[in-house]
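What follows is the content of my_file-v2.pdb (PDB, C-alpha atoms).
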MODEL        1
ATOM      1  CA  THR C   1      11.649  48.022  -2.893  1.00  0.00           C
ATOM      2  CA  GLY C   2       9.648  47.003   0.166  1.00  0.00           C
ATOM      3  CA  SER C   3       8.407  43.738  -1.331  1.00  0.00           C
ATOM      4  CA  ASP C   4       8.663  40.144  -0.218  1.00  0.00           C
ATOM      5  CA  ALA C   5       9.401  39.062  -3.810  1.00  0.00           C
ATOM      6  CA  ASP C   6      12.278  36.668  -4.424  1.00  0.00           C
ATOM      7  CA  ARG C   7      13.608  38.980  -7.142  1.00  0.00           C
ATOM      8  CA  SER C   8      12.873  42.639  -7.867  1.00  0.00           C
ATOM      9  CA  LEU C   9      14.096  44.861 -10.646  1.00  0.00           C
ATOM     10  CA  LEU C  10      13.527  48.552 -11.326  1.00  0.00           C
ATOM     11  CA  ILE C  11      13.696  49.449 -15.017  1.00  0.00           C
ATOM     12  CA  HIS C  12      13.014  52.577 -17.063  1.00  0.00           C
ATOM     13  CA  PRO C  13      11.872  51.347 -20.495  1.00  0.00           C
ATOM     14  CA  MET C  14      10.963  54.932 -21.428  1.00  0.00           C
ATOM     15  CA  PRO C  15      11.739  58.284 -19.819  1.00  0.00           C
ATOM     16  CA  LYS C  16       9.273  59.009 -17.015  1.00  0.00           C
ATOM     17  CA  LEU C  17       8.026  55.393 -17.000  1.00  0.00           C
ATOM     18  CA  PRO C  18       9.673  53.541 -14.117  1.00  0.00           C
ATOM     19  CA  MET C  19       8.517  49.946 -13.773  1.00  0.00           C
ATOM     20  CA  ILE C  20       9.165  47.555 -10.920  1.00  0.00           C
ATOM     21  CA  ILE C  21       9.155  43.879 -11.783  1.00  0.00           C
ATOM     22  CA  HIS C  22       8.643  41.415  -8.937  1.00  0.00           C
ATOM     23  CA  TYR C  23       9.159  37.668  -9.308  1.00  0.00           C
ATOM     24  CA  TRP C  24       8.203  35.024  -6.791  1.00  0.00           C
ATOM     25  CA  ASN C  25       9.662  31.524  -7.161  1.00  0.00           C
ATOM     26  CA  ALA C  26       7.280  28.588  -7.165  1.00  0.00           C
ATOM     27  CA  ASP C  27       6.914  26.751  -3.883  1.00  0.00           C
ATOM     28  CA  ASP C  28       4.985  23.719  -2.674  1.00  0.00           C
ATOM     29  CA  ASP C  29       1.566  25.380  -2.745  1.00  0.00           C
ATOM     30  CA  PHE C  30       1.876  28.133  -5.361  1.00  0.00           C
ATOM     31  CA  ALA C  31       3.098  28.530  -8.934  1.00  0.00           C
ATOM     32  CA  SER C  32       5.706  31.158  -9.732  1.00  0.00           C
ATOM     33  CA  GLN C  33       4.393  34.672 -10.231  1.00  0.00           C
ATOM     34  CA  LEU C  34       5.612  37.753 -12.093  1.00  0.00           C
ATOM     35  CA  SER C  35       4.072  41.163 -11.423  1.00  0.00           C
ATOM     36  CA  ILE C  36       4.778  44.508 -13.078  1.00  0.00           C
ATOM     37  CA  PHE C  37       4.043  47.741 -11.232  1.00  0.00           C
ATOM     38  CA  PHE C  38       4.084  51.360 -12.369  1.00  0.00           C
ATOM     39  CA  ASP C  39       4.572  54.637 -10.565  1.00  0.00           C
ATOM     40  CA  CYS C  40       1.178  56.265  -9.919  1.00  0.00           C
ATOM     41  CA  THR C  41       2.225  59.223 -12.095  1.00  0.00           C
ATOM     42  CA  ALA C  42       2.806  57.072 -15.214  1.00  0.00           C
ATOM     43  CA  PRO C  43      -0.545  57.959 -16.872  1.00  0.00           C
ATOM     44  CA  ASP C  44       0.164  61.644 -16.208  1.00  0.00           C
ATOM     45  CA  ASN C  45       3.533  61.397 -17.982  1.00  0.00           C
ATOM     46  CA  ILE C  46       2.859  59.004 -20.866  1.00  0.00           C
ATOM     47  CA  ASN C  47      -0.202  58.124 -22.915  1.00  0.00           C
ATOM     48  CA  ILE C  48      -1.899  54.968 -21.632  1.00  0.00           C
ATOM     49  CA  GLU C  49      -1.667  53.312 -25.071  1.00  0.00           C
ATOM     50  CA  TYR C  50       2.138  53.695 -24.974  1.00  0.00           C
ATOM     51  CA  ILE C  51       2.226  52.218 -21.482  1.00  0.00           C
ATOM     52  CA  TYR C  52       0.200  49.237 -22.721  1.00  0.00           C
ATOM     53  CA  THR C  53       2.405  48.779 -25.802  1.00  0.00           C
ATOM     54  CA  VAL C  54       5.645  48.910 -23.809  1.00  0.00           C
ATOM     55  CA  THR C  55       4.307  46.528 -21.176  1.00  0.00           C
ATOM     56  CA  ARG C  56       3.003  44.106 -23.795  1.00  0.00           C
ATOM     57  CA  GLY C  57       6.424  44.095 -25.464  1.00  0.00           C
ATOM     58  CA  ILE C  58       8.176  43.349 -22.179  1.00  0.00           C
ATOM     59  CA  VAL C  59       5.773  40.513 -21.369  1.00  0.00           C
ATOM     60  CA  GLU C  60       6.274  39.027 -24.850  1.00  0.00           C
ATOM     61  CA  MET C  61      10.032  39.314 -24.396  1.00  0.00           C
ATOM     62  CA  PHE C  62       9.810  37.364 -21.118  1.00  0.00           C
ATOM     63  CA  ARG C  63       7.653  34.756 -22.847  1.00  0.00           C
ATOM     64  CA  GLU C  64      10.194  34.307 -25.637  1.00  0.00           C
ATOM     65  CA  LEU C  65      13.030  34.006 -23.127  1.00  0.00           C
ATOM     66  CA  ILE C  66      11.150  31.352 -21.163  1.00  0.00           C
ATOM     67  CA  VAL C  67      10.382  29.341 -24.282  1.00  0.00           C
ATOM     68  CA  LYS C  68      13.918  29.659 -25.646  1.00  0.00           C
ATOM     69  CA  HIS C  69      15.614  28.635 -22.423  1.00  0.00           C
ATOM     70  CA  ASN C  70      13.153  25.932 -21.407  1.00  0.00           C
ATOM     71  CA  MET C  71      14.565  22.491 -22.198  1.00  0.00           C
ATOM     72  CA  THR C  72      11.294  21.346 -23.787  1.00  0.00           C
ATOM     73  CA  GLY C  73      10.894  24.484 -25.912  1.00  0.00           C
ATOM     74  CA  ARG C  74       7.435  25.159 -24.434  1.00  0.00           C
ATOM     75  CA  LEU C  75       6.133  27.921 -22.224  1.00  0.00           C
ATOM     76  CA  PHE C  76       5.115  25.500 -19.445  1.00  0.00           C
TER      77      PHE C  76
ENDMDL
END

As structure tokens, the full file:
Amino acid sequence: TGSDADRSLLIHPMPKLPMIIHYWNADDDFASQLSIFFDCTAPDNINIEYIYTVTRGIVEMFRELIVKHNMTGRLF
């Protein structure tokens, strides 16, 4: 995908809405980071409110996974 991310994943949560998710592991100086990117044509293909709703759902899903699989049961 042309990124220096530690992990990258291309998903299609809806037709005509490709999303690239990049994750960078934490290192000595920086916390971990997760970024979500869209194709520049996404707003032309899907209403911006739908894009927001889908993205919000994915972020909440990641949050729940982190909390569930964290040994302390907390986000951080």

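Using only C-alpha atoms, the residues found no farther than 10 Å from C:Ile46, other than those of its own chain fewer than 4 positions away, are Met14, Pro15, Lys16, Leu17, Thr41, Ala42, Tyr50 and Ile51 of chain C.
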
Given the file shown, determine the residues that the PyMOL selection byres ((chain C and resi 58-60) around 12) selects; report them as an NGL selection string. :C and (11-14 or 19 or 21 or 34-36 or 51-57 or 61-67 or 75)

Skipping near chain neighbours, those fewer than 3 positions away, what residues fall within 6 Å of stretch 23-29 of chain C using all atoms listed in the file, listed as a PyMOL selection string? chain C and resi 5-7+32-34

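In this structure, atom CA of C:His22 sits 4.5 Å away from atom CA of C:Ser8.
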
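Comparing C:Ile48, C:Asp39, C:His69, C:Ala31 by their smallest distance to C:Leu10, the closest is C:Asp39 (using only C-alpha atoms).
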
Box along x, y and z, 6 Å on every side, all listed atoms of stretch 47-59 of chain C inside: centre and edge lengths in Å to one decimal, as lines of an AutoDock Vina configuration file.
center_x = 3.1
center_y = 49.3
center_z = -23.5
size_x = 22.1
size_y = 29.6
size_z = 16.6
